[in-house]
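Okay, final_25.txt now, which holds compact mmCIF, C-alpha atoms:
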```txt
# COMPACT_ATOMS: atom_id res chain seq x y z
CA MET P 883 130.85 49.45 24.73
CA THR P 884 131.98 52.96 25.23
CA VAL P 885 132.52 54.90 28.43
CA ASN P 886 130.31 57.90 28.86
CA SER P 887 132.56 60.90 28.42
CA PRO P 888 130.68 64.17 28.24
CA LYS P 889 133.90 66.17 28.42
CA GLN P 890 135.54 64.48 25.47
CA SER P 891 135.77 67.67 23.41
CA GLY P 892 137.26 69.43 26.46
CA LEU P 893 139.86 66.69 26.68
CA ALA P 894 140.85 67.34 23.07
CA TRP P 895 141.53 70.99 23.92
CA MET P 896 143.73 69.80 26.79
CA PHE P 897 146.05 68.45 24.15
CA ILE P 898 145.54 70.96 21.37
CA ILE P 899 146.33 74.09 23.35
CA PRO P 900 149.72 72.90 24.69
CA PHE P 901 150.55 71.61 21.22
CA ILE P 902 149.84 75.00 19.68
CA LEU P 903 151.97 76.62 22.38
CA PHE P 904 154.72 74.14 21.59
CA LEU P 905 154.55 75.01 17.87
CA ALA P 906 154.76 78.70 18.66
CA VAL P 907 157.81 78.27 20.90
CA ALA P 908 159.43 75.91 18.38
CA ALA P 909 158.97 78.47 15.60
CA LEU P 910 160.53 81.16 17.76
CA LEU P 911 163.50 78.99 18.66
CA TYR P 912 163.96 77.87 15.07
CA ARG P 913 164.23 81.47 14.00
CA GLY P 914 166.76 81.96 16.78
CA LEU P 915 168.97 79.22 15.38
CA SER P 916 170.17 81.55 12.65
CA ASN P 917 170.92 84.37 15.11
CA ASP P 918 174.39 84.80 16.54
CA PRO P 919 173.84 85.07 20.29
CA THR P 920 177.20 86.72 20.85
CA GLN P 921 176.31 89.73 18.68
CA LEU P 922 175.42 92.64 20.92
CA PRO P 923 173.41 95.55 19.56
CA SER P 924 175.24 98.83 19.86
CA THR P 925 173.71 101.49 22.04
CA LEU P 926 175.46 104.12 19.92
CA VAL P 927 173.37 103.65 16.78
CA GLY P 928 171.56 106.92 16.15
CA GLN P 929 173.77 108.75 18.64
CA PRO P 930 176.68 111.06 17.95
CA MET P 931 180.20 109.71 18.37
CA PRO P 932 181.19 109.99 22.04
CA ALA P 933 183.39 112.95 22.91
CA PHE P 934 187.07 112.16 23.03
CA SER P 935 190.43 113.90 22.84
CA LEU P 936 193.32 111.56 22.17
CA PRO P 937 196.77 111.76 20.60
CA SER P 938 197.34 110.60 17.06
CA LEU P 939 199.36 107.44 16.51
CA ASP P 940 201.99 109.07 14.32
CA ASP P 941 202.52 112.23 16.31
CA PRO P 942 201.96 112.13 20.09
CA ASP P 943 201.66 115.93 20.18
CA LYS P 944 198.86 116.06 17.66
CA ILE P 945 195.45 115.69 19.36
CA ILE P 946 192.41 114.29 17.54
CA THR P 947 188.93 115.01 18.87
CA ASN P 948 185.43 113.88 17.95
CA THR P 949 184.80 117.16 16.14
CA ASP P 950 187.49 116.25 13.63
CA LEU P 951 185.28 113.43 12.40
CA ILE P 952 182.39 115.65 11.40
CA GLY P 953 182.12 116.85 7.81
CA LYS P 954 182.54 113.75 5.73
CA PRO P 955 181.20 110.26 6.39
CA ALA P 956 183.80 107.84 7.75
CA LEU P 957 184.37 104.30 8.89
CA VAL P 958 185.89 104.26 12.36
CA ASN P 959 187.83 101.03 12.58
CA VAL P 960 188.96 99.73 15.97
CA TRP P 961 192.01 97.50 15.53
CA ALA P 962 195.21 96.26 17.14
CA THR P 963 198.33 94.32 16.17
CA TRP P 964 197.51 91.70 18.82
CA CYS P 965 194.24 90.94 17.04
CA PRO P 966 194.68 88.34 14.28
CA THR P 967 191.37 89.12 12.56
CA CYS P 968 192.40 92.77 12.33
CA MET P 969 195.54 91.73 10.50
CA VAL P 970 193.44 89.83 7.97
CA GLU P 971 190.98 92.70 7.70
CA HIS P 972 193.82 95.07 6.83
CA SER P 973 193.96 94.08 3.17
CA GLU P 974 190.22 94.67 2.79
CA LEU P 975 190.59 98.11 4.36
CA LYS P 976 193.37 98.96 1.93
CA LYS P 977 191.08 98.08 -0.97
CA LEU P 978 188.36 100.31 0.46
CA ALA P 979 190.81 103.16 0.98
CA GLU P 980 191.86 102.88 -2.66
CA GLN P 981 188.21 103.28 -3.60
CA GLY P 982 188.21 106.56 -1.72
CA VAL P 983 186.50 105.49 1.50
CA ARG P 984 187.51 107.64 4.48
CA ILE P 985 188.71 105.32 7.23
CA ILE P 986 189.73 106.57 10.66
CA GLY P 987 191.67 104.06 12.72
CA VAL P 988 191.52 103.58 16.48
CA SER P 989 194.63 101.81 17.70
CA TYR P 990 193.06 99.99 20.65
CA LYS P 991 195.24 99.10 23.65
CA ASP P 992 198.28 98.53 21.47
CA TYR P 993 201.95 99.47 21.62
CA ARG P 994 202.64 102.63 19.66
CA THR P 995 205.78 101.21 18.07
CA SER P 996 204.09 97.94 17.04
CA ALA P 997 201.18 99.75 15.45
CA GLN P 998 203.39 102.25 13.67
CA ALA P 999 205.69 99.50 12.39
CA PHE P 1000 202.75 97.46 11.14
CA LEU P 1001 201.33 100.37 9.15
CA ALA P 1002 204.74 101.24 7.77
CA ASN P 1003 205.33 97.67 6.59
CA GLN P 1004 201.87 96.65 5.45
CA GLY P 1005 200.48 99.92 4.23
CA ASN P 1006 198.23 102.51 5.83
CA PRO P 1007 194.57 102.62 4.79
CA TYR P 1008 193.71 105.17 7.47
CA GLN P 1009 193.33 108.88 6.93
CA SER P 1010 194.36 109.27 10.56
CA VAL P 1011 194.81 106.92 13.49
CA ILE P 1012 193.71 107.69 17.03
CA PHE P 1013 195.98 106.15 19.66
CA ASP P 1014 193.63 104.78 22.34
CA GLU P 1015 196.36 103.36 24.52
CA LYS P 1016 194.32 102.76 27.66
CA GLY P 1017 191.15 101.74 25.86
CA ASP P 1018 189.07 104.62 27.27
CA LEU P 1019 187.60 105.43 23.88
CA GLY P 1020 186.94 101.72 23.41
CA LEU P 1021 184.90 101.67 26.62
CA ASP P 1022 182.93 104.73 25.53
CA LEU P 1023 182.24 103.09 22.18
CA GLY P 1024 181.10 99.86 23.81
CA VAL P 1025 183.85 97.86 22.13
CA TYR P 1026 183.86 94.25 23.27
CA GLY P 1027 185.90 92.51 20.59
CA ALA P 1028 188.31 93.81 18.01
CA PRO P 1029 187.97 94.42 15.12
CA GLU P 1030 184.92 96.60 15.25
CA THR P 1031 183.89 99.19 12.70
CA PHE P 1032 181.52 102.06 13.28
CA VAL P 1033 179.80 103.71 10.35
CA VAL P 1034 179.64 107.45 11.01
CA ASP P 1035 177.77 109.80 8.71
CA ALA P 1036 178.75 113.33 7.73
CA LYS P 1037 176.99 114.80 10.77
CA GLY P 1038 179.02 112.63 13.13
CA ILE P 1039 176.13 110.31 13.98
CA VAL P 1040 176.87 106.61 14.38
CA ARG P 1041 174.68 104.66 11.96
CA TYR P 1042 175.89 101.12 12.45
CA ARG P 1043 178.38 98.99 14.39
CA LEU P 1044 179.96 95.96 12.80
CA VAL P 1045 181.74 93.42 14.98
CA GLY P 1046 184.23 91.33 13.08
CA MET P 1047 185.98 91.79 9.82
CA VAL P 1048 184.84 94.33 7.27
CA THR P 1049 184.90 93.08 3.71
CA VAL P 1050 184.61 95.04 0.51
CA GLN P 1051 181.42 93.14 -0.23
CA GLU P 1052 179.90 94.04 3.14
CA TYR P 1053 180.76 97.64 2.47
CA GLN P 1054 179.12 97.66 -0.96
CA GLU P 1055 176.01 95.90 0.23
CA LYS P 1056 175.36 97.54 3.54
CA LEU P 1057 177.74 100.15 4.85
CA LYS P 1058 178.00 102.41 1.83
CA SER P 1059 174.34 103.42 1.79
CA LEU P 1060 174.34 104.03 5.54
CA MET P 1061 177.38 106.24 5.34
CA GLU P 1062 176.05 108.36 2.56
CA SER P 1063 172.49 108.82 3.72
CA ALA P 1064 171.79 111.53 6.24
CA HIS P 1065 170.25 110.53 9.57
CA GLU P 1066 166.55 111.34 9.69
CA MET O 1496 216.45 62.35 48.23
CA ASN O 1497 212.68 62.13 48.37
CA LYS O 1498 212.65 64.61 51.23
CA VAL O 1499 214.67 67.09 49.17
CA LEU O 1500 212.34 66.66 46.23
CA PHE O 1501 209.32 67.16 48.43
CA LEU O 1502 210.82 70.28 49.94
CA LEU O 1503 211.59 71.71 46.52
CA VAL O 1504 208.08 71.07 45.25
CA PHE O 1505 206.61 72.49 48.43
CA LEU O 1506 208.69 75.66 48.13
CA TYR O 1507 207.86 76.00 44.47
CA SER O 1508 204.16 76.08 45.25
CA ALA O 1509 204.82 79.12 47.42
CA ILE O 1510 205.33 81.28 44.34
CA CYS O 1511 201.95 80.52 42.82
CA SER O 1512 199.37 83.23 43.25
CA ALA O 1513 195.62 83.36 42.94
CA GLY O 1514 194.40 85.96 40.44
CA ILE O 1515 193.08 88.36 43.01
CA ASP O 1516 193.02 92.01 42.07
CA ALA O 1517 194.43 94.29 44.70
CA TYR O 1518 192.02 97.21 44.95
CA ASP O 1519 192.56 99.52 47.85
CA PHE O 1520 189.36 100.66 49.54
CA HIS O 1521 191.15 102.62 52.23
CA GLY O 1522 189.39 100.65 54.94
CA ASP O 1523 185.90 101.46 53.65
CA ALA O 1524 184.25 98.08 54.08
CA ALA O 1525 180.87 99.30 52.85
CA LYS O 1526 182.36 100.43 49.53
CA GLU O 1527 184.26 97.19 49.22
CA GLN O 1528 181.04 95.24 49.68
CA ARG O 1529 179.26 97.44 47.13
CA PHE O 1530 182.08 96.87 44.69
CA ARG O 1531 182.02 93.11 45.18
CA VAL O 1532 178.28 92.94 44.60
CA MET O 1533 178.46 95.19 41.55
CA VAL O 1534 181.21 93.28 39.76
CA GLU O 1535 179.35 90.06 40.37
CA GLU O 1536 176.17 91.45 38.83
CA LEU O 1537 177.77 92.88 35.69
CA ARG O 1538 178.16 90.55 32.73
CA CYS O 1539 181.43 90.39 30.83
CA PRO O 1540 180.44 91.60 27.32
CA LYS O 1541 183.21 89.53 25.78
CA CYS O 1542 182.63 86.14 27.45
CA GLN O 1543 178.92 86.78 28.04
CA ASN O 1544 178.45 83.77 30.27
CA ALA O 1545 180.68 85.06 33.06
CA ASN O 1546 180.47 88.08 35.28
CA ILE O 1547 183.27 90.63 35.27
CA ALA O 1548 184.35 89.42 38.72
CA GLY O 1549 185.11 85.95 37.42
CA SER O 1550 186.19 86.73 33.86
CA ASN O 1551 189.86 87.08 32.97
CA ALA O 1552 189.20 88.86 29.68
CA PRO O 1553 191.11 92.15 29.36
CA LEU O 1554 187.84 93.98 28.80
CA ALA O 1555 186.50 92.67 32.11
CA LYS O 1556 189.60 94.00 33.84
CA ASP O 1557 189.11 97.39 32.17
CA ILE O 1558 185.50 97.58 33.28
CA LYS O 1559 186.42 96.50 36.80
CA ASP O 1560 189.11 99.19 36.96
CA ARG O 1561 186.63 101.78 35.74
CA VAL O 1562 183.98 100.67 38.25
CA TYR O 1563 186.56 100.92 41.03
CA LYS O 1564 187.61 104.37 39.85
CA MET O 1565 184.02 105.60 39.68
CA MET O 1566 183.03 104.13 43.01
CA VAL O 1567 186.06 105.00 45.12
CA GLU O 1568 187.78 107.95 43.47
CA GLU O 1569 184.77 109.70 42.02
CA GLY O 1570 182.31 108.60 44.69
CA LYS O 1571 179.59 107.69 42.20
CA SER O 1572 176.50 105.82 43.28
CA ASN O 1573 175.49 102.34 42.13
CA ASP O 1574 172.82 103.81 39.87
CA GLU O 1575 175.29 106.14 38.21
CA ILE O 1576 177.74 103.31 37.58
CA LEU O 1577 175.03 101.07 36.17
CA ALA O 1578 173.86 103.90 33.94
CA TRP O 1579 177.42 104.32 32.68
CA ALA O 1580 177.67 100.63 31.83
CA GLU O 1581 174.23 100.39 30.25
CA GLN O 1582 174.81 103.48 28.14
CA ARG O 1583 177.74 101.79 26.48
CA TYR O 1584 176.88 98.11 26.46
CA GLY O 1585 173.13 98.05 26.72
CA THR O 1586 170.97 96.46 29.43
CA PHE O 1587 172.51 93.11 28.53
CA ILE O 1588 175.49 93.98 30.70
CA THR O 1589 173.52 93.78 33.91
CA TYR O 1590 172.28 90.49 35.32
CA ARG O 1591 169.20 92.31 36.59
CA PRO O 1592 167.41 93.45 33.45
CA PRO O 1593 165.05 96.39 33.89
CA LEU O 1594 161.33 95.71 33.75
CA THR O 1595 160.19 96.81 30.30
CA SER O 1596 157.57 95.55 27.87
CA THR O 1597 160.14 93.23 26.30
CA THR O 1598 161.49 91.81 29.55
CA ALA O 1599 158.08 91.44 31.22
CA LEU O 1600 157.79 87.91 29.86
CA LEU O 1601 161.19 87.10 31.31
CA TRP O 1602 160.25 88.40 34.74
CA PHE O 1603 156.69 87.09 35.00
CA GLY O 1604 156.79 84.11 32.63
CA PRO O 1605 157.64 81.39 35.15
CA PHE O 1606 155.06 82.69 37.61
CA ILE O 1607 152.39 82.84 34.93
CA ALA O 1608 153.26 79.33 33.75
CA PHE O 1609 152.96 78.06 37.30
CA VAL O 1610 149.57 79.71 37.83
CA VAL O 1611 148.25 78.29 34.53
CA ALA O 1612 149.48 74.80 35.35
CA ALA O 1613 148.04 74.93 38.87
CA THR O 1614 144.68 76.15 37.57
CA VAL O 1615 144.48 73.45 34.93
CA LEU O 1616 145.32 70.75 37.47
CA PHE O 1617 142.86 72.09 40.00
CA VAL O 1618 140.02 72.25 37.46
CA ARG O 1619 140.77 68.75 36.16
CA VAL O 1620 140.86 67.20 39.61
CA ARG O 1621 137.57 68.84 40.50
CA LYS O 1622 135.95 67.68 37.26
CA ARG O 1623 137.19 64.15 37.71
CA ARG O 1624 135.87 63.99 41.25
CA ALA O 1625 132.47 65.20 40.07
CA SER O 1626 132.33 62.79 37.12
CA THR O 1627 133.39 59.70 39.13
CA THR O 1628 130.55 60.14 41.60
CA LYS O 1629 128.13 60.59 38.71
CA ASN O 1630 129.39 57.64 36.70
CA ASN O 1631 129.77 55.32 39.66
CA GLN O 1632 126.31 53.97 39.07
CA LEU O 1633 126.12 51.48 36.27
CA SER O 1634 123.30 52.01 33.84
CA GLU O 1635 120.67 49.31 33.33
CA GLN O 1636 122.10 48.51 29.89
CA GLU O 1637 125.59 48.10 31.35
CA LYS O 1638 124.29 45.83 34.09
CA ALA O 1639 122.64 43.58 31.52
CA GLN O 1640 125.79 43.48 29.40
CA ILE O 1641 127.88 42.48 32.41
CA GLU O 1642 125.39 39.77 33.35
CA SER O 1643 125.49 38.23 29.89
CA LEU O 1644 129.31 38.32 29.81
CA LEU O 1645 129.55 36.66 33.24
CA ALA O 1646 127.05 34.04 32.15
CA ARG O 1647 129.19 33.27 29.12
CA TYR O 1648 132.24 32.99 31.36
CA ARG O 1649 130.55 30.58 33.71
CA ASN O 1650 129.22 28.44 30.85
CA PRO O 1651 131.60 28.66 27.95
CA SER O 1652 129.75 26.12 25.90
CA GLU O 1653 126.70 28.39 25.79
CA LYS O 1654 126.60 31.01 23.08
```
Turn the structure described in the file into structure tokens.
Amino acid sequence: MTVNSPKQSGLAWMFIIPFILFLAVAALLYRGLSNDPTQLPSTLVGQPMPAFSLPSLDDPDKIITNTDLIGKPALVNVWATWCPTCMVEHSELKKLAEQGVRIIGVSYKDYRTSAQAFLANQGNPYQSVIFDEKGDLGLDLGVYGAPETFVVDAKGIVRYRLVGMVTVQEYQEKLKSLMESAHE
Amino acid sequence: MNKVLFLLVFLYSAICSAGIDAYDFHGDAAKEQRFRVMVEELRCPKCQNANIAGSNAPLAKDIKDRVYKMMVEEGKSNDEILAWAEQRYGTFITYRPPLTSTTALLWFGPFIAFVVAATVLFVRVRKRRASTTKNNQLSEQEKAQIESLLARYRNPSEK
């Protein structure tokens, strides 16, 4: 004995459609599992470095501006002595500097004496260091967590923003090609 | 002795302070209100689950200081300040994302889901009402089947 059910195929769709929707959402969320939700995309990628005019760390009378960056590709590394990851990153930066990579430092909201002492003791991988005492350049760069490294090509265009420690491997695999290619 | 202890503890609590920033609005209550609303609707890019009003990250303080400076000293409008923030940190920094093709689902999704669910329910209820009135009548075959079952029940010895 069966109950007359003319809409039986319709009933099947009642279950199939939500199930398909569920699969779609599950696939999306599964992909999201491997994303780091705290990573923010940088609004500067494809844009020129923001204009700035700040004293150098070594010599308060010497002013560095954004035009000084143009000419050769560079890594702009935002760091501070109060940032433990930056201290670890330092040895990687020294290795890169030995390989001939041009690294410009931004001493972010740090004490001049602490930063100078650190570089004197541990070595200086930077071609020059901008002293961003108040963090104004940091705000213009969209810095939200030190260390951050911006890849700037020879034309002064930001190609990439890395949050967290730079490693030699990361440089070889990703940053090097970005630095050396010209922006289309 | 207890009274002295109590007095000491009571006086000690007088030195504690709430972390309230002292921004001077020079009596401009409208600007103060604008500021309060704005810092509550900007996300702290460092903590990401707090607004810059409630976050004690140094970056939040920097952004708050800058918002104050732009609003009070430079007299910028809300739109200009938001544009400043979004230019540097992206639209993620505001708790009111703009309506674009990517955020359309975010804005309209719940409403669409509600409409779909309501429609499905409505259609199902209507169908069920229609089908119950149709199937209320037993067919001749079903009547005969019921009769034979009842007969078996009344006389179990019969097969």
I'd like the contact shell of Pro932 in chain P - 8 Å cut-off, all atoms listed in the file, skipping same-chain residues fewer than 2 positions apart - returned as an MDAnalysis selection string. chainID P and resid 930 934 948 1022:1023
Of the candidates O:Ala1517, O:Val1610, O:Ala1599, O:Val1615, which shows the shortest atom-to-atom distance to chain P, using all atoms listed in the file? O:Val1615
I'd like a table as a tab-separated table: residues in chain P with an atom no more than 6 Å from chain O, each row giving the shortest atom pair and its distance in Å to one decimal, only C-alpha atoms counted, sorted by chain and rising residue number.
```
residue	atom	partner	partner_atom	distance
P:Thr925	CA	O:Gly1585	CA	5.8
P:Gly1024	CA	O:Arg1583	CA	4.7
P:Tyr1026	CA	O:Lys1541	CA	5.4
```
Show me, as JSON, the centre and edge lengths in Å to one decimal of the axis-aligned box that covers every listed atom of range 1047-1059 of chain P with 6 Å on each side.
```
{"center_x": 180.2, "center_y": 97.6, "center_z": 4.4, "size_x": 23.6, "size_y": 23.6, "size_z": 22.8}
```
Within 10 Å of Lys977 in chain P using all atoms listed in the file, minus same-chain residues under 6 positions, as a PyMOL selection string: chain P and resi 983+1007+1049-1050
Taking the partial coordinates given, rebuild range 887-916 of chain P to contain N, CA and C atoms; return it as a tab-separated table (two decimals), in the coordinates of the input.
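As written to disk, out38.tsv reads:
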```tsv
chain	number	residue	atom	x	y	z
P	887	SER	N	131.56	59.85	28.17
P	887	SER	CA	132.56	60.90	28.42
P	887	SER	C	132.06	62.23	27.89
P	888	PRO	N	131.27	62.91	28.72
P	888	PRO	CA	130.68	64.17	28.24
P	888	PRO	C	131.72	65.26	27.99
P	889	LYS	N	132.90	65.12	28.59
P	889	LYS	CA	133.90	66.17	28.42
P	889	LYS	C	134.93	65.80	27.35
P	890	GLN	N	134.53	64.96	26.40
P	890	GLN	CA	135.54	64.48	25.47
P	890	GLN	C	136.12	65.60	24.63
P	891	SER	N	135.24	66.57	24.21
P	891	SER	CA	135.77	67.67	23.41
P	891	SER	C	136.70	68.54	24.27
P	892	GLY	N	136.38	68.68	25.56
P	892	GLY	CA	137.26	69.43	26.46
P	892	GLY	C	138.62	68.78	26.56
P	893	LEU	N	138.61	67.43	26.58
P	893	LEU	CA	139.86	66.69	26.68
P	893	LEU	C	140.73	66.96	25.46
P	894	ALA	N	140.09	67.08	24.30
P	894	ALA	CA	140.85	67.34	23.07
P	894	ALA	C	141.59	68.67	23.19
P	895	TRP	N	140.89	69.68	23.77
P	895	TRP	CA	141.53	70.99	23.92
P	895	TRP	C	142.71	70.92	24.89
P	896	MET	N	142.62	70.01	25.86
P	896	MET	CA	143.73	69.80	26.79
P	896	MET	C	145.02	69.50	26.06
P	897	PHE	N	144.87	68.81	24.92
P	897	PHE	CA	146.05	68.45	24.15
P	897	PHE	C	146.37	69.47	23.08
P	898	ILE	N	145.31	70.06	22.51
P	898	ILE	CA	145.54	70.96	21.37
P	898	ILE	C	146.23	72.24	21.82
P	899	ILE	N	145.76	72.80	22.93
P	899	ILE	CA	146.33	74.09	23.35
P	899	ILE	C	147.83	73.98	23.67
P	900	PRO	N	148.26	73.00	24.47
P	900	PRO	CA	149.72	72.90	24.69
P	900	PRO	C	150.48	72.64	23.40
P	901	PHE	N	149.86	71.89	22.48
P	901	PHE	CA	150.55	71.61	21.22
P	901	PHE	C	150.74	72.88	20.42
P	902	ILE	N	149.72	73.73	20.40
P	902	ILE	CA	149.84	75.00	19.68
P	902	ILE	C	150.92	75.86	20.32
P	903	LEU	N	150.93	75.88	21.67
P	903	LEU	CA	151.97	76.62	22.38
P	903	LEU	C	153.35	76.09	22.00
P	904	PHE	N	153.45	74.76	21.95
P	904	PHE	CA	154.72	74.14	21.59
P	904	PHE	C	155.14	74.59	20.20
P	905	LEU	N	154.21	74.58	19.24
P	905	LEU	CA	154.55	75.01	17.87
P	905	LEU	C	155.05	76.45	17.85
P	906	ALA	N	154.36	77.28	18.64
P	906	ALA	CA	154.76	78.70	18.66
P	906	ALA	C	156.17	78.85	19.19
P	907	VAL	N	156.47	78.17	20.31
P	907	VAL	CA	157.81	78.27	20.90
P	907	VAL	C	158.84	77.67	19.95
P	908	ALA	N	158.49	76.55	19.31
P	908	ALA	CA	159.43	75.91	18.38
P	908	ALA	C	159.75	76.84	17.22
P	909	ALA	N	158.73	77.54	16.72
P	909	ALA	CA	158.97	78.47	15.60
P	909	ALA	C	159.92	79.58	16.03
P	910	LEU	N	159.68	80.09	17.24
P	910	LEU	CA	160.53	81.16	17.76
P	910	LEU	C	161.98	80.71	17.89
P	911	LEU	N	162.14	79.50	18.45
P	911	LEU	CA	163.50	78.99	18.66
P	911	LEU	C	164.18	78.65	17.33
P	912	TYR	N	163.39	78.19	16.38
P	912	TYR	CA	163.96	77.87	15.07
P	912	TYR	C	164.53	79.11	14.42
P	913	ARG	N	163.75	80.20	14.54
P	913	ARG	CA	164.23	81.47	14.00
P	913	ARG	C	165.52	81.88	14.71
P	914	GLY	N	165.58	81.58	16.01
P	914	GLY	CA	166.76	81.96	16.78
P	914	GLY	C	168.01	81.20	16.41
P	915	LEU	N	167.82	80.03	15.77
P	915	LEU	CA	168.97	79.22	15.38
P	915	LEU	C	169.91	79.97	14.45
P	916	SER	N	169.32	80.85	13.61
P	916	SER	CA	170.17	81.55	12.65
P	916	SER	C	170.75	82.84	13.23
```
